Amino acid sequence: MDSGGWSRRRFVGALAGGAAAAALPACDNAPEPAATPAPEPEAGTSASREARRPSGPRPLYLGTYTSAEGGGKGIGLATYDAATGRITGSGTVTGVGDPSYLALHPDRRTLYAVDERDDGAVTAVRLADRKVLGSRGTGGAAPCHLSVHPGGRWLLSANYGSGSVAVHPIDASGALGERTDLVRHTTPPPGPGQEGPHAHQFVTSPDGGHVLAVDLGTDTVYTYRLDDKAGTLSEVTQAHTRPGAGPRHLTFHPGGRYAYLANEVDNTVAVCSYDPASGRVEVGEAQSTGTDSGTSYPAQILVTADGRHAYLANRGHNSLTRYAVEADGARLRLLGTVPVGGDFPRQIAFSPEGTLLFAANQKSSTVTVFHVDGANGGLRRAGEAFPSPVAVCALPL
C-alpha cells in the first residue's frame, strides 16, 4: 500500500481545528436496539411523508477512526427522534478497528463495517445483541466503502490504499466467509497527481445486473458482473472521467437510467447515463458544485427516493449543495448551497423515510441533522449538532 495516498484521504486536515468529542459509553451499559420496522414506500408529498414517520426512537450507527487522536472506541450507538431529528447517544460496539464506513444487511439483522487499516478487513456485527461475528481480510489496504448485494449473499468492499475491490460470502447467520474474489485496478494508468489506483466505492446497479466500482486514482468507473453462485467478478466495461477529476462516489436516480458522480479532486459533479442491458456507463460534462473557487473536496452525493432532488457534501467549503433533478434524471440544476453546521462533512445519509438528512463531520467530531422539504428540496437544521468522535459515517435506520 502507498501510505501517502491513504494519508491524504484519511487525514487531510482531519485533526486540525476542533477538539474531538468524548467517546460514547461502552455498549455493555447501553439499552437494546429500538425496533426497526421496514419503512413504507415513500409518498409523493412532504405532508404525506410526515404522516408516515414512525414514533419512538430509531437506531443510529456511527463510524469513526479508532486509531486517530480523539477518535472513537468502535462503532457508535445512538438513537434519533424521527420527528425532531434529535440524537441521543447510547453506547459503543467495541472490538472493531477504524470502522469508517457502515452498511446494513437487507434483512436488517446484521451490520457490516470496514476496518480501514493497512491490513484491511470487513467485520460483521449481529444487531440483536451487538455481538461481533468476526472479521475477514479484504486482501488490500485501507478499505473505505462496503455494500451488501441486494440478494444478501455477498458483501462488496473497496480497498482505497491498494486500488482493489473484494467480494465476501455472507452465511445465513450474517457472518462473513473467506474472500471469493479480489480484483486490482491495473488499467488505465493513474490520473494526474495520482501514484496508483484508489478504489473508493463498490455498489450494485438498481437493476441488480451489474456491480460498479468507482476509482479515484484511475479516473474510472468499472462495471463488473458478479457470479451469484461463485462470488467472482468479470469486468464488463470501463467509463472514464476527464483526467484528474478523481471520482469518489456515485449514486443512481431511482429510474435506474442515470447516476450522479461526485468528483473529489477537481470539485465537480457529472450526470452519467447507464444502460442496464450492457452495464455501460457514460460520464457527462463536469458541472459546478456551487462552492466557487475555494478549496473543497466533494464527498458523497445522494438523490431522494422520488428522484426530484440531489444533495452533495462539500468538505472544505463545509456545505451541502442542493440540485433539482430534471428531465427524468438526465439533468441536474444547481439550486445553491447550505452551511452544514460542522467541519469537513465526510458522509451524508437519509433517514428511511427521506425526511431527515444526517451529515457526519470529521474535523468537528459532530453529526448535524436537517429536515428535508419534499416539495422544494429545502434543508432546515434540526437543532444542535451531536458530538461524536471523529465522525466519518452516520447510518440511520
# chains A, B, ... in the order shown; residues from 1 in each chain; ligands from 1
call {"tool": "residues_around", "arguments": {"residues": "A:Val271", "least_positions_apart": "5", "cutoff": "9 Å", "atoms": "only C-alpha atoms", "output": "number ranges by chain"}}
result
A: 258-261, 282-287, 329-332
call {"tool": "select_by_dssp", "arguments": {"residues": "stretch 142-369 of chain A", "states": "strand (DSSP E or B)", "output": "PyMOL selection string"}}
result
chain A and resi 143-148+154-159+164-170+176+181-184+199-204+211-215+220-226+233-240+247-252+258-263+268-274+281-288+297-303+309-315+319-326+331-339+345-350+356-361+366-369
call {"tool": "atom_distance", "arguments": {"atom1": "atom CA of A:Asp215", "atom2": "atom CA of A:Thr138"}}
result
16.5 Å
call {"tool": "residues_around", "arguments": {"residues": "A:Leu102", "least_positions_apart": "4", "cutoff": "10 Å", "atoms": "only C-alpha atoms", "output": "PDB file with N, CA, C and O atoms, in the first residue's frame"}}
result
ATOM      1  N   TYR A  61     -26.263   4.359  13.810  1.00  0.00           N
ATOM      2  CA  TYR A  61     -24.933   3.790  13.988  1.00  0.00           C
ATOM      3  C   TYR A  61     -23.907   4.760  13.411  1.00  0.00           C
ATOM      4  O   TYR A  61     -24.126   5.360  12.352  1.00  0.00           O
ATOM      5  N   LEU A  62     -22.764   4.905  14.118  1.00  0.00           N
ATOM      6  CA  LEU A  62     -21.800   5.946  13.796  1.00  0.00           C
ATOM      7  C   LEU A  62     -20.418   5.344  13.576  1.00  0.00           C
ATOM      8  O   LEU A  62     -19.902   4.593  14.413  1.00  0.00           O
ATOM      9  N   GLY A  63     -19.813   5.681  12.430  1.00  0.00           N
ATOM     10  CA  GLY A  63     -18.471   5.232  12.111  1.00  0.00           C
ATOM     11  C   GLY A  63     -17.433   6.257  12.506  1.00  0.00           C
ATOM     12  O   GLY A  63     -17.696   7.462  12.535  1.00  0.00           O
ATOM     13  N   THR A  64     -16.212   5.788  12.788  1.00  0.00           N
ATOM     14  CA  THR A  64     -15.145   6.664  13.263  1.00  0.00           C
ATOM     15  C   THR A  64     -13.796   6.053  12.897  1.00  0.00           C
ATOM     16  O   THR A  64     -13.720   4.997  12.274  1.00  0.00           O
ATOM     17  N   ILE A  75     -17.807   1.218  16.975  1.00  0.00           N
ATOM     18  CA  ILE A  75     -18.996   1.708  16.271  1.00  0.00           C
ATOM     19  C   ILE A  75     -19.896   2.400  17.290  1.00  0.00           C
ATOM     20  O   ILE A  75     -20.335   1.792  18.265  1.00  0.00           O
ATOM     21  N   LEU A 111     -25.027  -5.740  10.817  1.00  0.00           N
ATOM     22  CA  LEU A 111     -24.334  -4.525  10.409  1.00  0.00           C
ATOM     23  C   LEU A 111     -22.921  -4.903   9.975  1.00  0.00           C
ATOM     24  O   LEU A 111     -22.275  -5.753  10.606  1.00  0.00           O
ATOM     25  N   TYR A 112     -22.440  -4.262   8.916  1.00  0.00           N
ATOM     26  CA  TYR A 112     -21.089  -4.525   8.427  1.00  0.00           C
ATOM     27  C   TYR A 112     -20.276  -3.241   8.473  1.00  0.00           C
ATOM     28  O   TYR A 112     -20.798  -2.149   8.222  1.00  0.00           O
ATOM     29  N   ALA A 113     -18.995  -3.390   8.788  1.00  0.00           N
ATOM     30  CA  ALA A 113     -18.091  -2.240   8.879  1.00  0.00           C
ATOM     31  C   ALA A 113     -16.780  -2.574   8.194  1.00  0.00           C
ATOM     32  O   ALA A 113     -16.322  -3.720   8.226  1.00  0.00           O
ATOM     33  N   VAL A 114     -16.177  -1.573   7.566  1.00  0.00           N
ATOM     34  CA  VAL A 114     -14.803  -1.726   7.103  1.00  0.00           C
ATOM     35  C   VAL A 114     -13.879  -1.519   8.290  1.00  0.00           C
ATOM     36  O   VAL A 114     -14.211  -0.798   9.241  1.00  0.00           O
ATOM     37  N   ASP A 115     -12.726  -2.167   8.253  1.00  0.00           N
ATOM     38  CA  ASP A 115     -11.642  -1.894   9.193  1.00  0.00           C
ATOM     39  C   ASP A 115     -10.562  -1.201   8.349  1.00  0.00           C
ATOM     40  O   ASP A 115      -9.757  -1.863   7.702  1.00  0.00           O
ATOM     41  N   VAL A 122     -13.090  -6.546   6.843  1.00  0.00           N
ATOM     42  CA  VAL A 122     -14.502  -6.197   6.999  1.00  0.00           C
ATOM     43  C   VAL A 122     -15.038  -7.029   8.166  1.00  0.00           C
ATOM     44  O   VAL A 122     -14.628  -8.168   8.379  1.00  0.00           O
ATOM     45  N   THR A 123     -15.940  -6.433   8.937  1.00  0.00           N
ATOM     46  CA  THR A 123     -16.435  -7.047  10.168  1.00  0.00           C
ATOM     47  C   THR A 123     -17.951  -7.088  10.160  1.00  0.00           C
ATOM     48  O   THR A 123     -18.603  -6.144   9.713  1.00  0.00           O
ATOM     49  N   ALA A 124     -18.517  -8.161  10.691  1.00  0.00           N
ATOM     50  CA  ALA A 124     -19.967  -8.315  10.830  1.00  0.00           C
ATOM     51  C   ALA A 124     -20.358  -8.201  12.295  1.00  0.00           C
ATOM     52  O   ALA A 124     -19.685  -8.744  13.176  1.00  0.00           O
ATOM     53  N   CYS A 144     -12.424   1.478   2.403  1.00  0.00           N
ATOM     54  CA  CYS A 144     -13.129   2.688   2.812  1.00  0.00           C
ATOM     55  C   CYS A 144     -14.619   2.651   2.497  1.00  0.00           C
ATOM     56  O   CYS A 144     -15.345   3.564   2.868  1.00  0.00           O
ATOM     57  N   HIS A 145     -15.091   1.607   1.802  1.00  0.00           N
ATOM     58  CA  HIS A 145     -16.502   1.528   1.443  1.00  0.00           C
ATOM     59  C   HIS A 145     -16.901   0.066   1.341  1.00  0.00           C
ATOM     60  O   HIS A 145     -16.105  -0.796   0.946  1.00  0.00           O
ATOM     61  N   LEU A 146     -18.154  -0.209   1.703  1.00  0.00           N
ATOM     62  CA  LEU A 146     -18.694  -1.541   1.500  1.00  0.00           C
ATOM     63  C   LEU A 146     -20.196  -1.452   1.307  1.00  0.00           C
ATOM     64  O   LEU A 146     -20.838  -0.465   1.694  1.00  0.00           O
ATOM     65  N   SER A 147     -20.757  -2.463   0.655  1.00  0.00           N
ATOM     66  CA  SER A 147     -22.194  -2.539   0.429  1.00  0.00           C
ATOM     67  C   SER A 147     -22.583  -4.002   0.344  1.00  0.00           C
ATOM     68  O   SER A 147     -21.754  -4.873   0.052  1.00  0.00           O
ATOM     69  N   VAL A 392     -17.203  10.034  10.835  1.00  0.00           N
ATOM     70  CA  VAL A 392     -16.980   9.874   9.394  1.00  0.00           C
ATOM     71  C   VAL A 392     -18.104   9.102   8.705  1.00  0.00           C
ATOM     72  O   VAL A 392     -18.115   8.969   7.489  1.00  0.00           O
ATOM     73  N   CYS A 393     -19.060   8.573   9.465  1.00  0.00           N
ATOM     74  CA  CYS A 393     -20.193   7.859   8.862  1.00  0.00           C
ATOM     75  C   CYS A 393     -21.364   7.875   9.832  1.00  0.00           C
ATOM     76  O   CYS A 393     -21.182   7.677  11.046  1.00  0.00           O
ATOM     77  N   ALA A 394     -22.555   8.137   9.317  1.00  0.00           N
ATOM     78  CA  ALA A 394     -23.788   8.063  10.099  1.00  0.00           C
ATOM     79  C   ALA A 394     -24.780   7.205   9.339  1.00  0.00           C
ATOM     80  O   ALA A 394     -25.074   7.475   8.163  1.00  0.00           O
ATOM     81  N   LEU A 395     -25.289   6.157   9.975  1.00  0.00           N
ATOM     82  CA  LEU A 395     -26.226   5.243   9.334  1.00  0.00           C
ATOM     83  C   LEU A 395     -27.522   5.197  10.146  1.00  0.00           C
ATOM     84  O   LEU A 395     -27.632   4.477  11.135  1.00  0.00           O
TER      85      LEU A 395
END
call {"tool": "residues_around", "arguments": {"residues": "stretch 163-174 of chain A", "least_positions_apart": "3", "cutoff": "9 Å", "atoms": "only C-alpha atoms", "output": "ChimeraX atom specification"}}
result
/A:1,105,109-111,122,124-126,133,136,138-141,143,152-160,177-186,196-202,213,215-218,231-233
call {"tool": "closest_residue", "arguments": {"among": "A:Pro389, A:Gly336, A:Gly279, A:Gly307", "to": "A:Phe252", "atoms": "only C-alpha atoms"}}
result
A:Gly307
call {"tool": "residues_around", "arguments": {"residues": "stretch 77-80 of chain A", "least_positions_apart": "6", "cutoff": "7 Å", "atoms": "only C-alpha atoms", "output": "PDB file with C-alpha atoms, in the first residue's frame"}}
result
ATOM      1  CA  PRO A  57     -36.557   6.423  18.948  1.00  0.00           C
ATOM      2  CA  ARG A  58     -34.832   4.952  15.904  1.00  0.00           C
ATOM      3  CA  PRO A  59     -31.344   3.381  15.819  1.00  0.00           C
ATOM      4  CA  LEU A  60     -28.368   5.349  14.513  1.00  0.00           C
ATOM      5  CA  TYR A  61     -24.933   3.790  13.988  1.00  0.00           C
ATOM      6  CA  LEU A  62     -21.800   5.946  13.796  1.00  0.00           C
ATOM      7  CA  ARG A  86     -32.662  14.901  17.943  1.00  0.00           C
ATOM      8  CA  ILE A  87     -29.871  12.350  18.552  1.00  0.00           C
ATOM      9  CA  THR A  88     -29.186  10.624  21.872  1.00  0.00           C
ATOM     10  CA  GLY A  89     -26.030   8.577  22.448  1.00  0.00           C
ATOM     11  CA  SER A  90     -26.425   5.069  23.874  1.00  0.00           C
ATOM     12  CA  GLY A  91     -23.087   3.254  23.748  1.00  0.00           C
ATOM     13  CA  THR A  92     -20.342   1.743  21.621  1.00  0.00           C
TER      14      THR A  92
END
call {"tool": "closest_atom_pairs", "arguments": {"of": "stretch 229-259 of chain A", "to": "stretch 188-195 of chain A", "cutoff": "9 Å", "atoms": "only C-alpha atoms", "output": "tab-separated table"}}
result
residue	atom	partner	partner_atom	distance
A:Pro243	CA	A:Gly191	CA	5.8
A:Gly244	CA	A:Pro192	CA	5.2
A:Ala245	CA	A:Gly191	CA	8.3
A:Gly246	CA	A:Gly191	CA	7.9
call {"tool": "write_last_selection", "arguments": {"atoms": "C-alpha atoms", "output": "compact mmCIF listing (two decimals), in the first residue's frame"}}
result
# COMPACT_ATOMS: atom_id res chain seq x y z
CA PRO A 243 -8.26 13.41 -16.47
CA GLY A 244 -7.73 14.48 -12.89
CA ALA A 245 -11.40 14.50 -11.90
CA GLY A 246 -10.85 11.99 -9.10
call {"tool": "atom_distance", "arguments": {"atom1": "atom CA of A:His149", "atom2": "atom CA of A:His249"}}
result
17.1 Å
call {"tool": "select_by_dssp", "arguments": {"residues": "stretch 48-155 of chain A", "states": "alpha helix (DSSP H)", "output": "PyMOL selection string"}}
result
chain A and resi 48-51
call {"tool": "residues_around", "arguments": {"residues": "A:Tyr311", "least_positions_apart": "4", "cutoff": "8 Å", "atoms": "only C-alpha atoms", "output": "list of chain:residue names"}}
result
A:Ile301, A:Leu302, A:Val303, A:Leu320, A:Thr321, A:Arg322, A:Tyr323
call {"tool": "residues_around", "arguments": {"residues": "A:Gln300", "least_positions_apart": "6", "cutoff": "8 Å", "atoms": "only C-alpha atoms", "output": "count of residues only"}}
result
9
call {"tool": "atom_distance", "arguments": {"atom1": "atom CA of A:Arg381", "atom2": "atom CA of A:Leu335"}}
result
17.5 Å
